[in-house]
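Enquirer: Below is my_file00.cif; it holds mmCIF, C-alpha atoms.
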```cif
data_coords
loop_
_atom_site.label_atom_id
_atom_site.label_comp_id
_atom_site.auth_asym_id
_atom_site.auth_seq_id
_atom_site.Cartn_x
_atom_site.Cartn_y
_atom_site.Cartn_z
CA MET A 286 -4.25 -3.00 -11.02
CA THR A 287 -1.35 -5.35 -11.66
CA GLN A 288 -1.29 -8.48 -13.74
CA LYS A 289 1.02 -11.47 -13.69
CA ASP A 290 1.18 -14.61 -15.81
CA HIS A 291 2.91 -17.69 -14.41
CA GLN A 292 4.37 -19.70 -17.27
CA LYS A 293 1.27 -18.86 -19.33
CA LYS A 294 -0.81 -21.11 -17.07
CA THR A 295 -1.98 -19.26 -14.00
CA GLN A 296 -2.77 -15.57 -14.41
CA ILE A 297 -3.14 -13.29 -11.37
CA ILE A 298 -4.84 -9.90 -11.59
CA THR A 299 -4.36 -7.77 -8.49
CA PHE A 300 -6.30 -4.72 -7.33
CA GLY A 301 -5.54 -2.46 -4.40
CA CYS A 302 -2.77 -2.20 -1.87
CA ARG A 303 0.81 -3.42 -1.52
CA LEU A 304 -0.37 -6.11 0.88
CA ASN A 305 -2.56 -7.52 -1.89
CA ARG A 306 0.45 -7.53 -4.23
CA TYR A 307 2.48 -9.43 -1.65
CA GLU A 308 -0.31 -11.96 -1.20
CA SER A 309 -0.61 -12.37 -4.96
CA GLU A 310 3.03 -13.46 -5.01
CA VAL A 311 2.24 -16.05 -2.32
CA MET A 312 -0.69 -17.35 -4.36
CA SER A 313 1.45 -17.39 -7.49
CA GLN A 314 3.86 -19.80 -5.84
CA TYR A 315 1.07 -22.03 -4.55
CA ALA A 316 -0.93 -22.08 -7.80
CA GLU A 317 1.97 -22.59 -10.21
CA GLN A 318 0.89 -26.15 -11.09
CA LEU A 319 -2.67 -25.20 -11.99
CA ASP A 320 -3.68 -24.78 -15.60
CA ASN A 321 -6.23 -22.52 -17.28
CA VAL A 322 -6.81 -20.48 -14.10
CA VAL A 323 -7.26 -16.73 -13.59
CA ILE A 324 -7.04 -15.44 -10.01
CA VAL A 325 -8.64 -12.05 -9.33
CA ASN A 326 -7.41 -10.54 -6.06
CA THR A 327 -10.00 -7.86 -5.24
CA CYS A 328 -10.00 -4.65 -3.21
CA ALA A 329 -12.89 -3.20 -1.20
CA VAL A 330 -11.56 0.26 -0.33
CA THR A 331 -13.80 2.00 -2.89
CA ALA A 332 -16.80 1.16 -5.05
CA GLU A 333 -14.64 1.97 -8.08
CA ALA A 334 -12.12 -0.74 -7.14
CA GLU A 335 -14.94 -3.27 -6.95
CA ARG A 336 -16.43 -2.08 -10.24
CA GLN A 337 -13.09 -2.53 -12.00
CA ALA A 338 -12.73 -6.05 -10.60
CA ARG A 339 -16.22 -7.04 -11.77
CA GLN A 340 -15.51 -5.57 -15.19
CA THR A 341 -12.27 -7.53 -15.39
CA ILE A 342 -13.99 -10.81 -14.49
CA ARG A 343 -16.61 -10.30 -17.19
CA ARG A 344 -13.90 -9.42 -19.74
CA VAL A 345 -11.88 -12.55 -18.88
CA HIS A 346 -14.97 -14.72 -19.28
CA ARG A 347 -15.96 -13.13 -22.59
CA LYS A 348 -12.48 -13.68 -23.97
CA ASP A 349 -12.32 -17.33 -22.89
CA ALA A 350 -15.41 -18.95 -21.38
CA TYR A 351 -13.32 -21.99 -20.37
CA LYS A 352 -11.08 -20.04 -18.03
CA ARG A 353 -11.53 -21.03 -14.40
CA ILE A 354 -11.84 -17.80 -12.44
CA ILE A 355 -10.94 -17.78 -8.73
CA VAL A 356 -11.95 -14.63 -6.85
CA THR A 357 -10.34 -13.63 -3.57
CA GLY A 358 -9.34 -10.49 -1.65
CA CYS A 359 -11.27 -8.10 0.59
CA ALA A 360 -14.32 -7.61 -1.64
CA ALA A 361 -14.75 -11.37 -2.01
CA GLN A 362 -14.31 -11.87 1.74
CA LEU A 363 -17.03 -9.34 2.53
CA ASN A 364 -19.64 -10.55 0.03
CA PRO A 365 -18.79 -13.98 -1.46
CA GLU A 366 -22.29 -14.59 -2.84
CA LYS A 367 -22.19 -11.47 -4.99
CA TRP A 368 -18.92 -12.51 -6.60
CA SER A 369 -19.98 -16.14 -7.02
CA SER A 370 -22.83 -15.05 -9.26
CA LEU A 371 -20.54 -13.49 -11.87
CA PRO A 372 -20.05 -15.45 -15.12
CA GLY A 373 -17.09 -17.81 -15.16
CA VAL A 374 -16.39 -17.69 -11.42
CA GLN A 375 -15.64 -21.19 -10.16
CA LYS A 376 -14.58 -20.50 -6.61
CA ILE A 377 -14.34 -17.82 -3.90
CA LEU A 378 -11.44 -17.90 -1.45
CA GLY A 379 -11.44 -15.72 1.65
CA ASN A 380 -8.45 -13.65 2.75
CA GLU A 381 -7.31 -16.26 5.27
CA ASP A 382 -8.02 -19.19 2.97
CA LYS A 383 -6.12 -17.80 -0.05
CA LEU A 384 -2.81 -18.08 1.85
CA LYS A 385 -3.12 -21.80 2.56
CA GLU A 386 -1.20 -23.94 0.10
CA GLU A 387 -3.64 -26.84 0.38
CA ASN A 388 -6.36 -24.66 -1.18
CA TRP A 389 -4.41 -24.38 -4.45
CA THR A 390 -4.68 -27.94 -5.74
CA GLU A 391 -6.85 -29.24 -8.56
CA LYS A 392 -8.94 -31.15 -6.03
CA ALA A 393 -9.45 -28.06 -3.86
CA LEU A 394 -10.78 -26.05 -6.81
CA TYR A 395 -13.86 -28.28 -6.85
CA LEU A 396 -14.61 -28.17 -3.12
CA GLY A 397 -16.80 -25.09 -3.33
CA ASN A 398 -16.25 -21.66 -1.82
CA GLN A 399 -13.93 -21.40 1.18
CA VAL A 400 -14.45 -18.22 3.19
CA SER A 401 -13.46 -18.50 6.83
CA ASP A 402 -14.69 -16.15 9.55
CA ILE A 403 -11.92 -13.56 9.33
CA MET A 404 -12.90 -11.96 12.65
CA ALA A 405 -12.09 -15.23 14.43
CA VAL A 406 -8.53 -15.44 13.10
CA LYS A 407 -6.01 -14.81 15.88
CA LYS A 408 -2.66 -15.61 14.28
CA ASN A 409 -0.86 -14.90 11.02
CA ALA A 410 0.60 -17.75 9.03
CA SER A 411 4.16 -16.96 7.96
CA GLN A 412 4.85 -17.00 4.21
CA ILE A 413 8.16 -17.07 2.35
CA VAL A 414 8.15 -15.35 -1.04
CA THR A 415 11.26 -15.80 -3.16
CA ASP A 416 10.48 -13.64 -6.17
CA PHE A 417 8.54 -10.53 -7.20
CA THR A 418 8.45 -10.98 -10.96
CA GLY A 419 9.06 -7.78 -12.88
CA ARG A 420 9.77 -5.70 -9.77
CA THR A 421 13.00 -4.20 -8.49
CA ARG A 422 11.75 -3.79 -4.92
CA ALA A 423 10.16 -6.49 -2.80
CA PHE A 424 7.32 -6.35 -0.27
CA VAL A 425 7.35 -8.13 3.08
CA GLN A 426 4.20 -8.56 5.14
CA ILE A 427 4.79 -7.80 8.81
CA GLN A 428 1.23 -7.47 10.05
CA GLN A 429 -2.36 -8.19 9.08
CA GLY A 430 -5.75 -6.79 10.09
CA CYS A 431 -6.80 -3.70 12.04
CA ASN A 432 -8.31 -3.04 15.48
CA HIS A 433 -9.39 0.53 14.72
CA ARG A 434 -12.82 1.50 13.48
CA CYS A 435 -12.59 4.57 11.28
CA THR A 436 -16.14 5.40 10.25
CA PHE A 437 -15.44 5.27 6.50
CA CYS A 438 -13.44 2.03 6.41
CA ILE A 439 -14.69 -1.48 5.68
CA ILE A 440 -11.24 -3.09 5.61
CA PRO A 441 -11.15 -4.33 9.26
CA PHE A 442 -14.14 -6.53 8.40
CA GLY A 443 -12.32 -7.92 5.36
CA ARG A 444 -8.98 -8.40 7.09
CA GLY A 445 -9.89 -9.24 10.68
CA PRO A 446 -8.15 -8.20 13.91
CA SER A 447 -4.56 -6.95 14.01
CA ARG A 448 -2.00 -9.74 14.23
CA SER A 449 1.76 -9.54 13.81
CA ILE A 450 4.42 -11.67 12.15
CA SER A 451 7.28 -12.42 14.56
CA ILE A 452 10.65 -10.70 14.22
CA GLU A 453 12.31 -14.02 13.41
CA GLU A 454 9.90 -14.79 10.55
CA VAL A 455 10.13 -11.27 9.09
CA VAL A 456 13.95 -11.33 9.23
CA ASP A 457 14.01 -14.74 7.53
CA GLN A 458 11.86 -13.39 4.68
CA VAL A 459 14.04 -10.29 4.29
CA LYS A 460 17.17 -12.47 4.21
CA VAL A 461 15.73 -14.64 1.43
CA LEU A 462 14.80 -11.63 -0.71
CA THR A 463 18.13 -9.92 -0.11
CA GLN A 464 19.90 -13.09 -1.22
CA GLN A 465 17.76 -12.88 -4.38
CA HIS A 466 19.41 -9.47 -5.00
CA TYR A 467 16.52 -7.21 -4.07
CA ASN A 468 18.16 -3.96 -2.97
CA GLU A 469 15.02 -2.49 -1.43
CA ILE A 470 12.46 -4.06 0.90
CA VAL A 471 9.11 -2.42 1.67
CA LEU A 472 7.41 -3.45 4.92
CA THR A 473 3.67 -3.71 4.44
CA GLY A 474 0.47 -4.56 6.30
CA VAL A 475 -2.94 -3.08 7.07
CA ASP A 476 -1.84 -1.08 10.14
CA ILE A 477 1.92 -1.51 10.41
CA ALA A 478 2.19 0.93 13.34
CA SER A 479 0.38 -1.68 15.47
CA TRP A 480 3.07 -4.29 14.80
CA GLY A 481 4.20 -6.16 17.91
CA LYS A 482 1.40 -5.21 20.29
CA ASP A 483 -0.13 -8.69 20.10
CA LEU A 484 3.12 -10.67 20.36
CA PRO A 485 4.21 -12.40 23.61
CA GLN A 486 7.32 -10.21 23.67
CA LYS A 487 5.75 -6.91 22.78
CA GLY A 488 7.74 -4.56 20.58
CA SER A 489 7.38 -1.57 18.32
CA LEU A 490 7.66 -1.06 14.57
CA GLY A 491 10.95 0.71 15.23
CA ASP A 492 12.25 -2.34 17.11
CA LEU A 493 11.42 -4.53 14.12
CA CYS A 494 13.09 -2.19 11.62
CA LYS A 495 16.21 -1.88 13.77
CA GLU A 496 16.50 -5.66 14.08
CA ILE A 497 16.08 -6.16 10.32
CA LEU A 498 18.85 -3.67 9.57
CA TYR A 499 21.10 -5.25 12.20
CA GLN A 500 20.58 -8.86 11.14
CA VAL A 501 20.51 -8.32 7.36
CA SER A 502 23.67 -6.36 6.72
CA GLY A 503 23.37 -6.90 2.96
CA LEU A 504 20.06 -5.02 2.74
CA LYS A 505 20.67 -1.64 1.13
CA ARG A 506 17.26 -0.01 1.54
CA LEU A 507 14.39 -0.46 3.98
CA ARG A 508 11.16 1.41 3.35
CA LEU A 509 7.75 1.57 5.04
CA SER A 510 4.34 1.49 3.40
CA SER A 511 1.46 3.60 4.75
CA ILE A 512 1.64 4.48 8.45
CA ASP A 513 -0.73 6.16 10.91
CA PRO A 514 0.51 9.65 11.88
CA VAL A 515 0.39 8.69 15.59
CA GLY A 516 2.36 5.51 15.01
CA ILE A 517 5.96 6.72 15.02
CA ASP A 518 7.69 5.32 18.10
CA PRO A 519 11.00 6.50 19.66
CA VAL A 520 13.15 3.85 17.96
CA LEU A 521 11.60 4.72 14.59
CA TRP A 522 12.48 8.38 15.21
CA GLU A 523 16.06 7.28 15.85
CA LEU A 524 16.21 5.40 12.54
CA ILE A 525 14.69 8.29 10.58
CA ALA A 526 17.30 10.65 11.99
CA GLU A 527 20.40 8.47 11.91
CA GLU A 528 20.12 5.35 9.75
CA PRO A 529 21.14 5.87 6.07
CA ARG A 530 19.63 2.53 4.99
CA PHE A 531 16.21 3.54 6.36
CA MET A 532 14.60 5.44 3.51
CA PRO A 533 13.64 9.08 4.18
CA HIS A 534 10.05 8.76 3.02
CA LEU A 535 6.81 8.24 4.94
CA HIS A 536 3.33 7.77 3.53
CA LEU A 537 0.94 9.13 6.16
CA SER A 538 -2.69 8.10 6.53
CA VAL A 539 -3.94 11.68 7.10
CA GLN A 540 -7.38 11.53 5.38
CA ALA A 541 -8.48 15.14 6.10
CA GLY A 542 -7.22 18.58 7.16
CA SER A 543 -10.29 19.62 9.15
CA ASP A 544 -10.54 18.71 12.83
CA MET A 545 -14.32 18.32 12.67
CA ILE A 546 -14.08 15.91 9.73
CA LEU A 547 -11.26 13.98 11.41
CA LYS A 548 -13.44 13.55 14.50
CA ARG A 549 -16.34 12.33 12.39
CA MET A 550 -13.97 9.93 10.66
CA LYS A 551 -12.99 8.70 14.14
CA ARG A 552 -9.33 9.21 13.38
CA ARG A 553 -6.81 9.19 16.23
CA HIS A 554 -5.14 12.47 15.27
CA LEU A 555 -6.06 16.10 14.65
CA THR A 556 -4.49 18.61 12.29
CA ARG A 557 -2.20 19.93 15.02
CA ASP A 558 -0.73 16.44 15.46
CA VAL A 559 0.01 16.14 11.75
CA GLY A 560 1.48 19.65 11.56
CA LEU A 561 3.80 18.99 14.50
CA LEU A 562 4.78 15.60 13.07
CA VAL A 563 5.67 17.04 9.66
CA GLY A 564 7.72 19.78 11.31
CA GLN A 565 9.61 17.28 13.48
CA LEU A 566 10.27 14.97 10.54
CA ARG A 567 11.75 17.79 8.50
CA SER A 568 13.84 18.94 11.45
CA VAL A 569 15.51 15.55 11.90
CA ARG A 570 15.71 14.68 8.17
CA SER A 571 15.55 17.81 6.03
CA ASP A 572 15.42 15.86 2.75
CA ILE A 573 12.51 13.62 3.79
CA GLY A 574 9.80 12.87 1.25
CA LEU A 575 6.22 12.83 2.52
CA SER A 576 2.99 11.58 1.00
CA ALA A 577 -0.54 11.38 2.37
CA ASP A 578 -3.92 9.80 1.68
CA ILE A 579 -6.76 12.35 1.59
CA ILE A 580 -10.49 11.74 1.21
CA ALA A 581 -12.43 14.47 -0.61
CA GLY A 582 -16.12 14.98 0.05
CA PHE A 583 -16.49 12.96 3.25
CA PRO A 584 -20.11 13.08 4.56
CA THR A 585 -20.97 16.44 6.20
CA GLU A 586 -17.94 18.13 4.58
CA ASN A 587 -19.30 21.55 3.67
CA ASP A 588 -17.40 24.33 1.88
CA PHE A 589 -15.89 25.57 5.14
CA TYR A 590 -14.53 22.17 6.18
CA PHE A 591 -13.18 21.55 2.68
CA GLN A 592 -11.43 24.91 2.71
CA GLU A 593 -9.87 23.95 6.05
CA THR A 594 -8.45 20.81 4.45
CA TYR A 595 -7.21 22.72 1.41
CA ASP A 596 -5.52 25.41 3.50
CA PHE A 597 -3.99 22.88 5.88
CA LEU A 598 -2.47 20.82 3.06
CA LYS A 599 -1.15 23.96 1.42
CA THR A 600 0.47 25.02 4.72
CA VAL A 601 2.11 21.71 5.63
CA ALA A 602 3.14 21.26 1.97
CA ILE A 603 3.09 17.47 1.85
CA PRO A 604 4.26 17.05 -1.76
CA TYR A 605 2.66 13.75 -2.69
CA LEU A 606 -1.10 13.80 -2.16
CA HIS A 607 -3.08 10.65 -2.93
CA ILE A 608 -6.60 11.98 -3.36
CA PHE A 609 -9.72 9.79 -3.24
CA PRO A 610 -13.30 11.02 -3.64
CA TYR A 611 -15.27 9.56 -0.74
CA SER A 612 -16.87 6.20 -1.55
CA GLU A 613 -19.76 4.81 0.51
CA ARG A 614 -19.06 1.40 2.00
CA LYS A 615 -22.20 -0.45 3.12
CA GLY A 616 -22.05 -1.34 6.80
CA THR A 617 -19.87 1.58 7.85
CA PRO A 618 -21.12 4.46 10.07
CA ALA A 619 -20.11 7.07 7.48
CA ALA A 620 -22.49 5.55 4.94
CA GLN A 621 -25.37 6.64 7.24
CA MET A 622 -24.17 10.24 7.52
CA PRO A 623 -25.49 13.12 5.33
CA ALA A 624 -23.78 12.65 1.99
CA VAL A 625 -21.97 15.16 -0.19
CA ALA A 626 -23.06 15.13 -3.84
CA VAL A 627 -20.86 12.92 -6.00
CA SER A 628 -20.20 15.81 -8.40
CA VAL A 629 -18.97 17.94 -5.49
CA ARG A 630 -16.70 15.13 -4.28
CA LYS A 631 -15.13 14.89 -7.73
CA GLU A 632 -14.69 18.66 -8.01
CA ARG A 633 -13.03 18.87 -4.60
CA ALA A 634 -10.77 15.93 -5.45
CA SER A 635 -9.77 17.76 -8.64
CA GLN A 636 -8.89 20.92 -6.70
CA LEU A 637 -6.76 18.94 -4.26
CA ARG A 638 -4.97 17.14 -7.09
CA ILE A 639 -4.09 20.49 -8.67
CA LEU A 640 -2.73 21.63 -5.31
CA GLY A 641 -0.78 18.40 -5.01
CA ALA A 642 0.81 18.93 -8.42
CA LYS A 643 1.98 22.41 -7.38
CA LEU A 644 3.42 21.08 -4.11
CA ALA A 645 5.18 18.24 -5.92
CA ASN A 646 6.63 20.68 -8.45
CA SER A 647 8.11 22.86 -5.69
CA HIS A 648 9.42 19.81 -3.86
CA HIS A 649 11.13 18.43 -6.95
CA GLU A 650 12.64 21.80 -7.88
CA SER A 651 14.31 21.84 -4.45
CA PHE A 652 16.39 18.82 -5.55
CA VAL A 653 18.12 20.67 -8.42
CA ASN A 654 21.94 20.43 -8.28
CA LYS A 655 21.76 17.91 -5.44
CA THR A 656 23.10 14.35 -5.54
CA VAL A 657 20.55 11.58 -5.11
CA SER A 658 20.60 7.79 -4.98
CA ILE A 659 18.24 6.15 -7.49
CA LEU A 660 16.95 2.57 -7.50
CA MET A 661 16.38 1.96 -11.20
CA GLU A 662 13.17 0.21 -12.27
CA THR A 663 13.82 0.44 -16.02
CA PRO A 664 16.94 1.52 -17.95
CA ASP A 665 15.92 5.18 -17.62
CA ARG A 666 13.43 5.43 -14.75
CA GLY A 667 13.57 4.83 -11.02
CA TYR A 668 12.96 6.29 -7.56
CA SER A 669 15.12 8.30 -5.20
CA GLU A 670 15.50 7.54 -1.51
CA GLN A 671 12.74 10.13 -0.91
CA PHE A 672 10.54 8.27 -3.41
CA ALA A 673 10.77 10.99 -6.03
CA ALA A 674 10.17 9.58 -9.50
CA ALA A 675 13.39 10.04 -11.47
CA THR A 676 14.10 10.09 -15.20
CA LEU A 677 17.70 9.34 -16.19
CA ILE A 678 19.04 11.10 -19.28
CA GLY A 679 22.33 10.76 -21.15
CA SER A 680 22.85 7.11 -20.23
CA GLU A 681 21.09 3.93 -19.19
CA ALA A 682 21.24 1.71 -16.11
CA ILE A 683 20.45 -1.89 -15.22
CA PRO A 684 17.00 -2.36 -13.62
CA GLY A 685 17.50 -3.08 -9.92
CA GLU A 686 20.78 -1.16 -9.85
CA ILE A 687 21.26 1.73 -7.40
CA ILE A 688 23.06 4.67 -9.00
CA ALA A 689 24.33 8.06 -7.85
CA ALA A 690 22.96 10.92 -9.91
CA ARG A 691 22.81 14.70 -10.03
CA VAL A 692 19.43 16.39 -10.35
CA ILE A 693 19.32 18.84 -13.25
CA ALA A 694 15.60 19.68 -13.23
CA GLY A 695 12.34 19.08 -11.40
CA ASN A 696 8.66 19.31 -12.30
CA SER A 697 5.32 18.07 -10.98
CA ASP A 698 6.00 14.55 -12.28
CA GLY A 699 9.42 14.07 -10.71
CA ILE A 700 13.11 14.83 -11.09
CA ILE A 701 15.38 14.63 -14.14
CA VAL A 702 18.86 13.30 -13.38
CA GLU A 703 22.26 12.64 -14.90
CA ARG A 704 24.42 9.78 -13.73
CA ILE A 705 27.55 10.72 -11.81
#
```
Now that the file is in, can you turn its structure into structure tokens?
Expert:
Amino acid sequence: MTQKDHQKKTQIITFGCRLNRYESEVMSQYAEQLDNVVIVNTCAVTAEAERQARQTIRRVHRKDAYKRIIVTGCAAQLNPEKWSSLPGVQKILGNEDKLKEENWTEKALYLGNQVSDIMAVKKNASQIVTDFTGRTRAFVQIQQGCNHRCTFCIIPFGRGPSRSISIEEVVDQVKVLTQQHYNEIVLTGVDIASWGKDLPQKGSLGDLCKEILYQVSGLKRLRLSSIDPVGIDPVLWELIAEEPRFMPHLHLSVQAGSDMILKRMKRRHLTRDVGLLVGQLRSVRSDIGLSADIIAGFPTENDFYFQETYDFLKTVAIPYLHIFPYSERKGTPAAQMPAVAVSVRKERASQLRILGAKLANSHHESFVNKTVSILMETPDRGYSEQFAAATLIGSEAIPGEIIAARVIAGNSDGIIVERI
């Protein structure tokens, strides 16, 4: 959860993904003239994310019953009536509606809920964000929605069909942020590997990245958010192998390490695909950092299937594991499958997190005595090109500055560095 106050007037509380954070910045610009407003940008990926959002709304109302609460995001899109009934909520805005400037006027706040049919949306409206308050890296939306139907995922019904932002509009946004002295841009969306397939002049994610780097010579770092393991195109491979400004880190949407579970999830890859991908990535960029989303306790996952996932993750040694106990989402096929006990889901998630800590520790120890480039987020903390969390000792740096440093130690939390 992130929280932002705009001149003490409009407060935005954001749950969920990087795309939500980007959209919160858009809303912040549009809502800057409103007073006494709290915007809650919700997430629907898990029941826990929704619970936290509801809890936050109740807390805001208890603290100040006169606050006007506007609820938006995926959870609000999927079930506006449920969120309207919470105390203090004045208005629900759907995911398409929240990005329209005309919906952020005093008059619009009293027009009732505005939740468009997200499945009927065919085109993305371009947005220009000029500032990411309190952040040293900036997010740029390149794509919205998803055409896939993984059995566990409700997000396509909250975000609508896949639709891309044009190269020209993305480049313009990157130029603006680079001129605002953001040294790192992160490309984000729901399914960024699908970028370009719906545009008149079809292209690939690699084509977009290559064009950004060509047209915005002042950009020092370009990074991707989560990507499907089958979504790496030939041009993207070229950038990973040869382009120093393209960051050597990929966050893979893996979800499981058992072929049977992957099939029941209706994923587009099997474990062999991920294993080959990881091997190829390390062969073309030996220092690459890898992370992966993993669901523990998916329906029908017995001890054997879980052990397959555990063993697979241990073998491929992806150092940054983002583990989520499976969460039922009403309306998805997985919610109708034989469930794994919640206690078992939590126990399996715990085992995978312990494994992840060991893998991260080994990965970070491999950096010792090497030189790394760190984008500083605070005077003593930042991230390497491989997205290893770094702690700077012996000196301080300016947030937003990129420094060269030598790694003197590594542990499960990150690397410890000295400035060169």
Enquirer: Residues near Met404 in chain A, anyone? I mean within 12 Å using all atoms listed in the file, not counting same-chain ones fewer than 3 positions away, as a list in words.
Expert: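 Residues near the query, excluding close chain neighbours: Gln362, Leu363, Gly379, Asn380, Glu381, Val400, Ser401, Lys407, Lys408, Gln429, Gly430, Cys431, Asn432, Ile440, Pro441, Phe442, Gly443, Arg444, Gly445, Pro446, Ser447 and Arg448 of chain A.
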Enquirer: From the set A:Leu484, A:Val455, A:Ala478, A:Cys435, which residue has the shortest atom-to-atom contact distance to Arg552 in chain A, counting all atoms listed in the file?
Expert: A:Cys435
Enquirer: For Phe417 in chain A, list every protein, DNA or RNA residue within 10 Å, evaluated using only C-alpha atoms, and leave out those in the same chain fewer than 4 positions away; present the list as an NGL selection string.
Expert: :A and (289 or 306-307 or 309-311 or 313 or 421-424 or 462 or 465 or 467)
Enquirer: Give me the residues near Ala642 in chain A as a PyMOL selection string, where near means some atom within 9 Å (using all atoms listed in the file) and where sequence neighbours in that chain fewer than 4 positions away do not count.
Expert: chain A and resi 604-606+637-638+646-647+696-698
Enquirer: Identify all residues satisfying the PyMOL selection byres ((chain A and resi 415) around 7) in the given file; provide them as a ChimeraX atom specification.
Expert: /A:413-414,416,461-462
Enquirer: Could you tell me how far CA of Gly560 in chain A lies from CA of Leu598 in chain A, in Å and to one decimal?
Expert: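 About the pair CA of Gly560 in chain A and CA of Leu598 in chain A: they are 9.4 Å apart.
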Enquirer: Can you pull out every residue within 7 Å of Gly574 in chain A, counting only C-alpha atoms, but drop anything in the same chain fewer than 4 positions away, and send it as a list in words?
Expert: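 Non-adjacent residues within range: Pro533, His534, Leu535, Gln671 and Phe672 of chain A.
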Enquirer: Go through the shown structure with the PyMOL selection byres ((chain A and resi 666) around 7) and write out the matching residues as an NGL selection string.
Expert: :A and (661-665 or 667 or 675-677)
Enquirer: Would you kindly return, as a PDB file with C-alpha atoms, keeping the file's coordinate frame, each protein, DNA or RNA residue with an atom no farther than 7 Å from any atom of range 365-377 of chain A, considering all atoms listed in the file and excluding same-chain residues fewer than 4 positions away?
Expert:
```pdb
ATOM      1  CA  ARG A 343     -16.610 -10.300 -17.190  1.00  0.00           C
ATOM      2  CA  HIS A 346     -14.970 -14.720 -19.280  1.00  0.00           C
ATOM      3  CA  ALA A 350     -15.410 -18.950 -21.380  1.00  0.00           C
ATOM      4  CA  ARG A 353     -11.530 -21.030 -14.400  1.00  0.00           C
ATOM      5  CA  ILE A 354     -11.840 -17.800 -12.440  1.00  0.00           C
ATOM      6  CA  ILE A 355     -10.940 -17.780  -8.730  1.00  0.00           C
ATOM      7  CA  VAL A 356     -11.950 -14.630  -6.850  1.00  0.00           C
ATOM      8  CA  THR A 357     -10.340 -13.630  -3.570  1.00  0.00           C
ATOM      9  CA  ALA A 361     -14.750 -11.370  -2.010  1.00  0.00           C
ATOM     10  CA  LEU A 394     -10.780 -26.050  -6.810  1.00  0.00           C
ATOM     11  CA  GLY A 397     -16.800 -25.090  -3.330  1.00  0.00           C
ATOM     12  CA  ASN A 398     -16.250 -21.660  -1.820  1.00  0.00           C
ATOM     13  CA  GLN A 399     -13.930 -21.400   1.180  1.00  0.00           C
TER      14      GLN A 399
END
```
Enquirer: Suppose you want the space between CA of His607 in chain A and CA of Ser543 in chain A; what is it in Å?
Expert: 16.7 Å
Enquirer: Could you write out as JSON, numbers by chain the residues that the PyMOL selection byres ((chain A and resi 609-617) around 6) matches in the shown file?
Expert: {"A": [331, 436, 437, 580, 581, 582, 583, 608, 618, 619, 620, 630, 631, 634]}
Enquirer: For each of A:Asp382, A:Asp513, A:Asp402, A:Glu528, take the minimum atom-to-atom distance to Val475 in chain A, counting all atoms listed in the file, then give the residue where this is smallest.
Expert: A:Asp513
Enquirer: Taking all atoms of range 659-667 of chain A that appear in the file, build a box with edges along x, y and z, extend it by 8 Å on every side, and state its centre and edge lengths in Å to one decimal, as JSON.
Expert:
```
{"center_x": 15.7, "center_y": 3.2, "center_z": -12.7, "size_x": 21.1, "size_y": 21.9, "size_z": 26.5}
```
